[in-house]
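my_file-v9.cif (mmCIF, C-alpha atoms)
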data_upload
loop_
_atom_site.label_atom_id
_atom_site.label_comp_id
_atom_site.auth_asym_id
_atom_site.auth_seq_id
_atom_site.Cartn_x
_atom_site.Cartn_y
_atom_site.Cartn_z
CA MET C 1 0.35 18.05 -0.34
CA ILE C 2 3.15 15.80 0.92
CA VAL C 3 3.07 15.02 4.63
CA ALA C 4 5.95 13.06 6.15
CA VAL C 5 5.88 11.43 9.57
CA ILE C 6 9.43 11.01 10.83
CA SER C 7 11.27 9.83 13.92
CA GLU C 8 14.89 9.17 14.79
CA LYS C 9 14.01 6.16 16.95
CA GLY C 10 11.35 3.48 17.03
CA GLY C 11 8.44 3.19 19.40
CA THR C 12 7.23 6.78 19.06
CA GLY C 13 3.91 5.89 17.41
CA LYS C 14 5.00 7.25 14.04
CA THR C 15 3.12 4.67 11.98
CA THR C 16 -0.01 5.08 14.09
CA LEU C 17 -0.12 8.78 13.23
CA ALA C 18 0.53 8.17 9.53
CA ILE C 19 -2.19 5.52 9.37
CA HIS C 20 -4.77 7.75 11.02
CA LEU C 21 -3.97 10.72 8.81
CA ALA C 22 -4.29 8.57 5.68
CA GLY C 23 -7.33 6.64 6.90
CA TRP C 24 -9.30 9.72 7.87
CA ARG C 25 -8.28 11.55 4.70
CA ARG C 26 -9.62 8.66 2.63
CA ALA C 27 -12.80 8.51 4.74
CA SER C 28 -13.36 12.18 3.95
CA GLY C 29 -13.62 11.25 0.27
CA THR C 30 -10.11 12.32 -0.76
CA GLU C 31 -7.86 10.04 -2.80
CA VAL C 32 -4.68 9.63 -0.76
CA MET C 33 -1.52 7.56 -1.10
CA LEU C 34 0.08 6.13 2.03
CA VAL C 35 3.76 5.48 1.34
CA ASP C 36 5.16 2.83 3.68
CA GLY C 37 8.85 3.67 4.03
CA ASP C 38 9.40 1.48 7.09
CA ARG C 39 10.75 -2.01 6.42
CA GLN C 40 8.67 -3.37 9.31
CA GLY C 41 5.71 -2.88 6.97
CA THR C 42 3.16 -2.09 9.67
CA ALA C 43 1.28 0.41 7.50
CA THR C 44 1.07 -2.10 4.66
CA TYR C 45 -0.19 -4.79 7.06
CA TRP C 46 -2.85 -2.39 8.38
CA VAL C 47 -4.08 -1.71 4.84
CA GLU C 48 -4.24 -5.44 4.07
CA VAL C 49 -6.25 -6.18 7.23
CA ARG C 50 -8.53 -3.26 6.47
CA ASN C 51 -9.15 -4.49 2.93
CA ASP C 52 -10.13 -7.88 4.33
CA LEU C 53 -12.64 -6.09 6.56
CA GLU C 54 -13.97 -4.23 3.49
CA LEU C 55 -13.42 -0.85 5.12
CA SER C 56 -12.53 2.44 3.41
CA THR C 57 -8.80 2.16 2.73
CA PRO C 58 -6.11 4.47 1.34
CA SER C 59 -3.91 3.32 -1.51
CA THR C 60 -0.46 2.20 -0.40
CA VAL C 61 2.98 1.47 -1.80
CA GLN C 62 6.33 0.63 -0.26
CA ALA C 63 9.54 2.59 -0.91
CA PHE C 64 12.73 2.86 1.12
CA GLN C 65 15.79 5.03 1.62
CA ARG C 66 17.21 6.42 -1.65
CA SER C 67 14.21 5.33 -3.73
CA LEU C 68 11.79 7.11 -1.41
CA ARG C 69 12.14 10.60 -2.86
CA ARG C 70 11.89 9.44 -6.47
CA SER C 71 8.84 7.29 -5.71
CA VAL C 72 7.02 10.12 -3.95
CA LEU C 73 7.75 12.58 -6.74
CA ASP C 74 6.38 10.07 -9.26
CA LEU C 75 3.23 9.66 -7.15
CA THR C 76 2.54 13.41 -7.14
CA ARG C 77 1.53 13.06 -10.80
CA HIS C 78 -1.45 10.95 -9.72
CA TYR C 79 -2.19 11.93 -6.12
CA GLY C 80 -2.72 15.37 -4.61
CA GLU C 81 -2.43 13.97 -1.08
CA ILE C 82 0.54 11.81 -0.06
CA ILE C 83 1.44 10.68 3.46
CA VAL C 84 4.88 9.15 3.98
CA ASP C 85 5.68 6.89 6.94
CA VAL C 86 9.48 7.13 6.95
CA GLY C 87 11.38 4.31 8.66
CA ALA C 88 12.66 5.15 12.13
CA GLY C 89 16.31 6.16 12.03
CA ASP C 90 16.38 6.13 8.21
CA GLY C 91 18.60 9.19 7.87
CA VAL C 92 18.79 8.95 4.09
CA GLY C 93 15.03 8.61 3.75
CA MET C 94 14.29 11.42 6.18
CA GLU C 95 16.77 13.77 4.55
CA SER C 96 15.42 13.10 1.06
CA ILE C 97 11.74 13.38 1.94
CA LEU C 98 12.18 16.58 3.96
CA ARG C 99 13.54 18.22 0.83
CA ILE C 100 10.20 17.78 -0.97
CA ALA C 101 7.60 17.64 1.83
CA ASP C 102 5.17 20.43 2.65
CA LEU C 103 4.83 19.34 6.27
CA ALA C 104 6.64 16.91 8.56
CA ILE C 105 5.14 15.62 11.79
CA VAL C 106 7.63 14.47 14.43
CA PRO C 107 6.12 12.26 17.17
CA LEU C 108 8.18 12.16 20.35
CA GLN C 109 7.70 10.24 23.55
CA PRO C 110 8.21 12.55 26.53
CA ASN C 111 11.34 10.90 27.86
CA GLU C 112 14.99 11.88 27.90
CA LEU C 113 16.08 9.54 25.08
CA ASP C 114 13.44 10.78 22.63
CA ILE C 115 14.02 14.42 23.51
CA TRP C 116 17.76 13.93 23.01
CA THR C 117 17.13 12.85 19.40
CA VAL C 118 15.16 15.99 18.60
CA GLY C 119 18.43 17.90 18.21
CA LEU C 120 19.44 15.57 15.37
CA LEU C 121 16.08 16.02 13.69
CA ASP C 122 16.28 19.79 14.12
CA GLU C 123 19.58 19.74 12.20
CA LEU C 124 18.00 17.66 9.41
CA ALA C 125 15.06 20.06 9.27
CA GLY C 126 17.43 23.01 9.06
CA ASP C 127 19.40 21.48 6.19
CA ALA C 128 16.20 20.63 4.32
CA SER C 129 14.70 24.09 4.87
CA ALA C 130 17.70 25.62 3.10
CA VAL C 131 16.54 23.98 -0.15
CA ASN C 132 12.81 23.56 0.59
CA GLU C 133 11.39 26.90 1.70
CA LYS C 134 7.82 25.55 1.95
CA LEU C 135 8.75 22.95 4.60
CA THR C 136 7.14 23.17 8.03
CA VAL C 137 8.09 20.72 10.79
CA LYS C 138 5.91 20.26 13.87
CA ALA C 139 6.45 18.02 16.90
CA VAL C 140 3.68 16.11 18.66
CA LEU C 141 4.14 14.45 22.03
CA ASN C 142 2.89 10.87 21.82
CA ARG C 143 2.35 8.01 24.26
CA ALA C 144 2.55 10.40 27.20
CA PRO C 145 1.66 9.07 30.67
CA THR C 146 -1.99 9.54 31.63
CA HIS C 147 -1.29 10.27 35.29
CA HIS C 148 -1.84 13.95 36.07
CA ALA C 149 1.11 14.08 38.45
CA ASN C 150 3.57 13.11 35.75
CA THR C 151 5.47 16.17 34.48
CA ASP C 152 7.38 14.55 31.59
CA ALA C 153 5.12 16.09 28.94
CA GLN C 154 5.64 19.61 30.29
CA ALA C 155 9.41 19.10 30.40
CA ALA C 156 9.41 17.82 26.83
CA GLN C 157 7.41 20.83 25.60
CA SER C 158 9.97 23.11 27.24
CA ALA C 159 12.82 21.27 25.51
CA LEU C 160 11.10 21.63 22.13
CA GLU C 161 10.98 25.40 22.52
CA LYS C 162 14.77 25.41 22.13
CA CYS C 163 14.57 23.97 18.60
CA GLN C 164 15.19 26.35 15.73
CA TYR C 165 13.38 24.54 12.92
CA ILE C 166 11.01 22.14 14.67
CA GLU C 167 7.91 23.84 16.05
CA ALA C 168 6.16 22.55 19.16
CA SER C 169 2.54 21.92 18.16
CA GLY C 170 1.38 21.94 21.77
CA LEU C 171 -0.47 18.66 21.15
CA THR C 172 -0.12 15.69 23.48
CA ILE C 173 -1.46 12.19 22.83
CA ARG C 174 -1.66 10.01 25.93
CA GLU C 175 -0.98 6.30 26.16
CA ARG C 176 -4.40 4.87 25.27
CA SER C 177 -5.27 1.18 24.96
CA SER C 178 -7.79 2.05 22.23
CA ILE C 179 -5.04 3.53 20.06
CA ARG C 180 -2.64 0.68 20.78
CA ARG C 181 -5.22 -2.01 19.92
CA SER C 182 -7.04 -0.46 16.98
CA VAL C 183 -4.14 -0.46 14.50
CA PRO C 184 -3.34 -4.22 14.58
CA ALA C 185 -7.08 -4.81 14.14
CA GLY C 186 -7.13 -2.75 10.95
CA LYS C 187 -9.21 -0.03 12.58
CA LEU C 188 -9.03 3.69 13.25
CA VAL C 189 -9.44 4.77 16.84
CA ASN C 190 -12.96 6.12 16.24
CA GLU C 191 -13.96 2.71 14.83
CA TRP C 192 -12.75 0.86 17.91
CA GLN C 193 -15.18 -0.47 20.50
CA PRO C 194 -15.72 0.56 23.20
CA ARG C 195 -15.47 4.13 21.93
CA ASP C 196 -12.71 6.19 23.55
CA GLN C 197 -13.52 9.88 23.41
CA LYS C 198 -10.13 10.99 24.71
CA GLY C 199 -8.19 8.93 22.18
CA GLU C 200 -10.40 10.21 19.36
CA GLN C 201 -9.95 13.82 20.38
CA GLU C 202 -6.19 13.60 20.82
CA LEU C 203 -5.52 11.92 17.46
CA GLY C 204 -8.22 14.05 15.85
CA ALA C 205 -6.32 17.16 16.94
CA VAL C 206 -3.33 16.01 14.87
CA TYR C 207 -5.58 15.58 11.83
CA GLU C 208 -6.92 19.09 12.36
CA LEU C 209 -3.37 20.41 12.74
CA VAL C 210 -2.44 18.95 9.34
CA TYR C 211 -5.62 19.52 7.33
CA GLY C 212 -7.50 22.24 9.21
CA ALA C 213 -10.60 20.03 9.47
CA THR C 214 -12.21 17.70 11.96
CA ILE C 215 -12.06 13.98 11.37
CA PRO C 216 -14.85 12.52 9.22
CA GLY C 217 -17.73 10.82 10.95
CA GLU C 218 -19.18 11.27 14.39
CA MET C 219 -16.78 12.18 17.17
CA PHE C 220 -17.36 12.78 20.84
CA GLY C 221 -17.64 16.33 22.15
CA SER C 222 -15.06 18.17 24.25
CA VAL C 223 -13.86 16.35 27.34
CA ALA C 224 -11.10 16.82 29.88
CA VAL C 225 -7.87 14.88 29.46
#

Mind turning the file's structure into structure tokens?
Amino acid sequence: MIVAVISEKGGTGKTTLAIHLAGWRRASGTEVMLVDGDRQGTATYWVEVRNDLELSTPSTVQAFQRSLRRSVLDLTRHYGEIIVDVGAGDGVGMESILRIADLAIVPLQPNELDIWTVGLLDELAGDASAVNEKLTVKAVLNRAPTHHANTDAQAAQSALEKCQYIEASGLTIRERSSIRRSVPAGKLVNEWQPRDQKGEQELGAVYELVYGATIPGEMFGSVAV
């Protein structure tokens, strides 16, 4: 299974989602390859820090733009699970990986600039679907305000309903300090202290969306957002 995490602009939390999908998949006992297609190299840095901590770590490799598709296809001979963190705004990389991916996750911040870019991604998804019939593309709202009076998330969900090829997952991840701090520390959100049940549940819902399973290890029970 090839899962791509894509975004037209930076700051959407794309790498955070890719890292958690790969980290939890590895923790479940599955061999997984995390392909770092972002020249910032955040995913690669996270793996290096995690190795230093002697924690369960997915394999990783870097590949960019035109080499991305070829590298991923080569990796399918050795790995049944591949997660690709495509560089933000890398049109060539996104176009090529969508043509071979089984699923693409599109994280969007619920603001006007991010929602404006979803039209461009919807076009890319449409072009890719014409040659890749297995492709499914789902949007996740990320880094949404935690204040209950803020209506940006609801407005963004409404805008996503207008897309033809990108499906609204209905999932919203709020801006959580536990999520923001865990990645630079080489951790997954459920490894961070103090434990954050809301952050675990919100990111865990994305893992369940992709793999149809709960995240490995103990997780808090149901709580209100």

| Once the PyMOL selection byres ((chain C and resi 184) around 10) has been applied to the shown file, what residues remain in the selection, as a list in words? |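 On this input, the PyMOL selection byres ((chain C and resi 184) around 10) captures Thr16, Thr42, Ala43, Tyr45, Trp46, Val49, Arg50, Ile179, Arg180, Arg181, Ser182, Val183, Ala185, Gly186, Lys187 and Leu188 of chain C.
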
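Close to (8.4, 19.6, 14.9), meaning no more than 7 Å away when counting only C-alpha atoms, sit the residues Ile105, Val106, Val137, Lys138, Ala139, Val140, Ile166, Glu167 and Ala168 of chain C.
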
Under the rule of at most 10 Å, produce a per-residue listing of region 4-45 of chain C near region 110-132 of chain C: chain, number, name, the closest pair of atoms, and the distance in Å, as CSV, using only C-alpha atoms.
residue,atom,partner,partner_atom,distance
C:Ile6,CA,C:Leu121,CA,8.8
C:Ser7,CA,C:Leu121,CA,7.8
C:Glu8,CA,C:Thr117,CA,6.3
C:Lys9,CA,C:Asp114,CA,7.3
C:Gly10,CA,C:Asp114,CA,9.4
C:Gly11,CA,C:Asp114,CA,9.6
C:Thr12,CA,C:Asp114,CA,8.2

| request: Run the PyMOL selection byres ((chain C and resi 60) around 7) on the file and write out the hits as a list in words. | output: Met33, Leu34, Val35, Asp36, Thr44, Pro58, Ser59, Val61 and Gln62 of chain C

Applied to the shown file, which residues does the PyMOL selection byres ((chain C and resi 153) around 9) return, written as a PDB file with C-alpha atoms, in the coordinates of the input?
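Now in out06.pdb:
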ATOM      1  CA  GLN C 109       7.700  10.240  23.550  1.00  0.00           C
ATOM      2  CA  PRO C 110       8.210  12.550  26.530  1.00  0.00           C
ATOM      3  CA  ASN C 111      11.340  10.900  27.860  1.00  0.00           C
ATOM      4  CA  LEU C 141       4.140  14.450  22.030  1.00  0.00           C
ATOM      5  CA  ALA C 144       2.550  10.400  27.200  1.00  0.00           C
ATOM      6  CA  PRO C 145       1.660   9.070  30.670  1.00  0.00           C
ATOM      7  CA  ASN C 150       3.570  13.110  35.750  1.00  0.00           C
ATOM      8  CA  THR C 151       5.470  16.170  34.480  1.00  0.00           C
ATOM      9  CA  ASP C 152       7.380  14.550  31.590  1.00  0.00           C
ATOM     10  CA  GLN C 154       5.640  19.610  30.290  1.00  0.00           C
ATOM     11  CA  ALA C 155       9.410  19.100  30.400  1.00  0.00           C
ATOM     12  CA  ALA C 156       9.410  17.820  26.830  1.00  0.00           C
ATOM     13  CA  GLN C 157       7.410  20.830  25.600  1.00  0.00           C
ATOM     14  CA  SER C 158       9.970  23.110  27.240  1.00  0.00           C
ATOM     15  CA  THR C 172      -0.120  15.690  23.480  1.00  0.00           C
TER      16      THR C 172
END

| task | Between CA of His147 (chain C) and CA of Arg176 (chain C), measure the distance and give it in Å to one decimal. | result |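 Between these atoms lies a distance of 11.8 Å.
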
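Take the candidates C:Arg195, C:Arg39, C:His20, C:Lys134 and check each one against Ser177 (chain C) using all atoms listed in the file; the shortest distance goes to C:Arg195.
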
| request: Provide the CA of Ala22 (chain C) to CA of Thr136 (chain C) distance in Å, to one decimal place. | output: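 One can read the CA of Ala22 (chain C) to CA of Thr136 (chain C) distance as 18.7 Å.
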
| field | Selection near region 24-31 of chain C, 7 Å with only C-alpha atoms, sequence-local residues under 6 positions removed, as a count of residues only | value | 7

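Interatomic distance, CA of Gln201 (chain C) against CA of Glu161 (chain C): 24.0 Å.
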
| message | What's around Met94 (chain C) at 10 Å? Count all atoms listed in the file, leave out sequence neighbours fewer than 2 positions away in its own chain, and write the answer as a PyMOL selection string. | response | chain C and resi 4-8+37+65-66+68-69+84-92+96-99+104+121+124-125+128

What are the centre and edge lengths in Å, to one decimal, of the axis-aligned box around all listed atoms of region 29-34 of chain C with 6 Å added on each side, as lines of an AutoDock Vina configuration file?
center_x = -6.8
center_y = 9.2
center_z = -0.4
size_x = 25.7
size_y = 18.2
size_z = 16.8

| said: From the options C:Leu53, C:Leu160, C:Val72, C:Val3, which residue's atoms come nearest to Leu17 (chain C), counting only C-alpha atoms? | reply: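 Closest to Leu17 (chain C), using only C-alpha atoms: C:Val3.
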
| request: Would you mind telling me which residue in C:Met1, C:Leu135, C:Val210, C:Val189 lies nearest to Thr76 (chain C) when using only C-alpha atoms? | output: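 Of C:Met1, C:Leu135, C:Val210, C:Val189, the one nearest Thr76 (chain C) is C:Met1, counting only C-alpha atoms.
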
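Among the candidates C:Leu103, C:Ser178, C:Val47, C:Leu171, the residue lying nearest to Tyr211 (chain C) is C:Leu103 (atoms considered: only C-alpha atoms).
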
| query | Out of C:Glu133, C:Trp192, C:Arg143, C:Leu75, which residue has the shortest atom-to-atom distance to Lys14 (chain C) when counting all atoms listed in the file? | reply | C:Arg143

Can you sort out region 198-219 of chain C so it carries N, CA, C and O atoms, written as a PDB file, in the frame of the given file?
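File written: out-v3.pdb
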ATOM      1  N   LYS C 198     -11.394  10.290  24.535  1.00  0.00           N
ATOM      2  CA  LYS C 198     -10.130  10.990  24.710  1.00  0.00           C
ATOM      3  C   LYS C 198      -9.148  10.634  23.589  1.00  0.00           C
ATOM      4  O   LYS C 198      -8.470  11.504  23.036  1.00  0.00           O
ATOM      5  N   GLY C 199      -9.071   9.352  23.266  1.00  0.00           N
ATOM      6  CA  GLY C 199      -8.190   8.930  22.180  1.00  0.00           C
ATOM      7  C   GLY C 199      -8.596   9.554  20.854  1.00  0.00           C
ATOM      8  O   GLY C 199      -7.752   9.989  20.063  1.00  0.00           O
ATOM      9  N   GLU C 200      -9.903   9.605  20.596  1.00  0.00           N
ATOM     10  CA  GLU C 200     -10.400  10.210  19.360  1.00  0.00           C
ATOM     11  C   GLU C 200     -10.037  11.693  19.286  1.00  0.00           C
ATOM     12  O   GLU C 200      -9.603  12.193  18.236  1.00  0.00           O
ATOM     13  N   GLN C 201     -10.221  12.388  20.371  1.00  0.00           N
ATOM     14  CA  GLN C 201      -9.950  13.820  20.380  1.00  0.00           C
ATOM     15  C   GLN C 201      -8.459  14.111  20.201  1.00  0.00           C
ATOM     16  O   GLN C 201      -8.080  15.033  19.473  1.00  0.00           O
ATOM     17  N   GLU C 202      -7.630  13.327  20.872  1.00  0.00           N
ATOM     18  CA  GLU C 202      -6.190  13.600  20.820  1.00  0.00           C
ATOM     19  C   GLU C 202      -5.621  13.329  19.425  1.00  0.00           C
ATOM     20  O   GLU C 202      -4.854  14.135  18.884  1.00  0.00           O
ATOM     21  N   LEU C 203      -5.977  12.191  18.832  1.00  0.00           N
ATOM     22  CA  LEU C 203      -5.520  11.920  17.460  1.00  0.00           C
ATOM     23  C   LEU C 203      -6.226  12.832  16.460  1.00  0.00           C
ATOM     24  O   LEU C 203      -5.626  13.269  15.467  1.00  0.00           O
ATOM     25  N   GLY C 204      -7.489  13.144  16.729  1.00  0.00           N
ATOM     26  CA  GLY C 204      -8.220  14.050  15.850  1.00  0.00           C
ATOM     27  C   GLY C 204      -7.612  15.435  15.814  1.00  0.00           C
ATOM     28  O   GLY C 204      -7.680  16.131  14.783  1.00  0.00           O
ATOM     29  N   ALA C 205      -6.983  15.853  16.906  1.00  0.00           N
ATOM     30  CA  ALA C 205      -6.320  17.160  16.940  1.00  0.00           C
ATOM     31  C   ALA C 205      -5.129  17.203  15.998  1.00  0.00           C
ATOM     32  O   ALA C 205      -4.813  18.256  15.426  1.00  0.00           O
ATOM     33  N   VAL C 206      -4.454  16.066  15.810  1.00  0.00           N
ATOM     34  CA  VAL C 206      -3.330  16.010  14.870  1.00  0.00           C
ATOM     35  C   VAL C 206      -3.855  16.127  13.440  1.00  0.00           C
ATOM     36  O   VAL C 206      -3.271  16.835  12.606  1.00  0.00           O
ATOM     37  N   TYR C 207      -4.965  15.455  13.154  1.00  0.00           N
ATOM     38  CA  TYR C 207      -5.580  15.580  11.830  1.00  0.00           C
ATOM     39  C   TYR C 207      -5.966  17.022  11.547  1.00  0.00           C
ATOM     40  O   TYR C 207      -5.740  17.546  10.449  1.00  0.00           O
ATOM     41  N   GLU C 208      -6.532  17.692  12.532  1.00  0.00           N
ATOM     42  CA  GLU C 208      -6.920  19.090  12.360  1.00  0.00           C
ATOM     43  C   GLU C 208      -5.698  19.976  12.183  1.00  0.00           C
ATOM     44  O   GLU C 208      -5.719  20.943  11.414  1.00  0.00           O
ATOM     45  N   LEU C 209      -4.606  19.656  12.892  1.00  0.00           N
ATOM     46  CA  LEU C 209      -3.370  20.410  12.740  1.00  0.00           C
ATOM     47  C   LEU C 209      -2.866  20.335  11.297  1.00  0.00           C
ATOM     48  O   LEU C 209      -2.403  21.328  10.729  1.00  0.00           O
ATOM     49  N   VAL C 210      -2.965  19.164  10.698  1.00  0.00           N
ATOM     50  CA  VAL C 210      -2.440  18.950   9.340  1.00  0.00           C
ATOM     51  C   VAL C 210      -3.379  19.510   8.284  1.00  0.00           C
ATOM     52  O   VAL C 210      -2.944  20.195   7.340  1.00  0.00           O
ATOM     53  N   TYR C 211      -4.681  19.226   8.421  1.00  0.00           N
ATOM     54  CA  TYR C 211      -5.620  19.520   7.330  1.00  0.00           C
ATOM     55  C   TYR C 211      -6.611  20.644   7.645  1.00  0.00           C
ATOM     56  O   TYR C 211      -7.397  21.024   6.767  1.00  0.00           O
ATOM     57  N   GLY C 212      -6.597  21.155   8.873  1.00  0.00           N
ATOM     58  CA  GLY C 212      -7.500  22.240   9.210  1.00  0.00           C
ATOM     59  C   GLY C 212      -8.956  21.831   9.214  1.00  0.00           C
ATOM     60  O   GLY C 212      -9.846  22.650   8.954  1.00  0.00           O
ATOM     61  N   ALA C 213      -9.232  20.547   9.479  1.00  0.00           N
ATOM     62  CA  ALA C 213     -10.600  20.030   9.470  1.00  0.00           C
ATOM     63  C   ALA C 213     -10.739  18.976  10.555  1.00  0.00           C
ATOM     64  O   ALA C 213      -9.756  18.367  10.983  1.00  0.00           O
ATOM     65  N   THR C 214     -11.967  18.767  11.000  1.00  0.00           N
ATOM     66  CA  THR C 214     -12.210  17.700  11.960  1.00  0.00           C
ATOM     67  C   THR C 214     -12.256  16.366  11.244  1.00  0.00           C
ATOM     68  O   THR C 214     -12.484  16.305  10.030  1.00  0.00           O
ATOM     69  N   ILE C 215     -12.066  15.294  11.989  1.00  0.00           N
ATOM     70  CA  ILE C 215     -12.060  13.980  11.370  1.00  0.00           C
ATOM     71  C   ILE C 215     -13.450  13.628  10.857  1.00  0.00           C
ATOM     72  O   ILE C 215     -14.455  14.075  11.406  1.00  0.00           O
ATOM     73  N   PRO C 216     -13.549  12.866   9.772  1.00  0.00           N
ATOM     74  CA  PRO C 216     -14.850  12.520   9.220  1.00  0.00           C
ATOM     75  C   PRO C 216     -15.600  11.566  10.147  1.00  0.00           C
ATOM     76  O   PRO C 216     -15.016  10.774  10.871  1.00  0.00           O
ATOM     77  N   GLY C 217     -16.909  11.678  10.121  1.00  0.00           N
ATOM     78  CA  GLY C 217     -17.730  10.820  10.950  1.00  0.00           C
ATOM     79  C   GLY C 217     -17.992  11.435  12.309  1.00  0.00           C
ATOM     80  O   GLY C 217     -17.468  12.485  12.662  1.00  0.00           O
ATOM     81  N   GLU C 218     -18.802  10.768  13.068  1.00  0.00           N
ATOM     82  CA  GLU C 218     -19.180  11.270  14.390  1.00  0.00           C
ATOM     83  C   GLU C 218     -18.013  11.163  15.347  1.00  0.00           C
ATOM     84  O   GLU C 218     -17.317  10.168  15.409  1.00  0.00           O
ATOM     85  N   MET C 219     -17.809  12.212  16.132  1.00  0.00           N
ATOM     86  CA  MET C 219     -16.780  12.180  17.170  1.00  0.00           C
ATOM     87  C   MET C 219     -17.359  12.771  18.432  1.00  0.00           C
ATOM     88  O   MET C 219     -18.196  13.654  18.402  1.00  0.00           O
TER      89      MET C 219
END
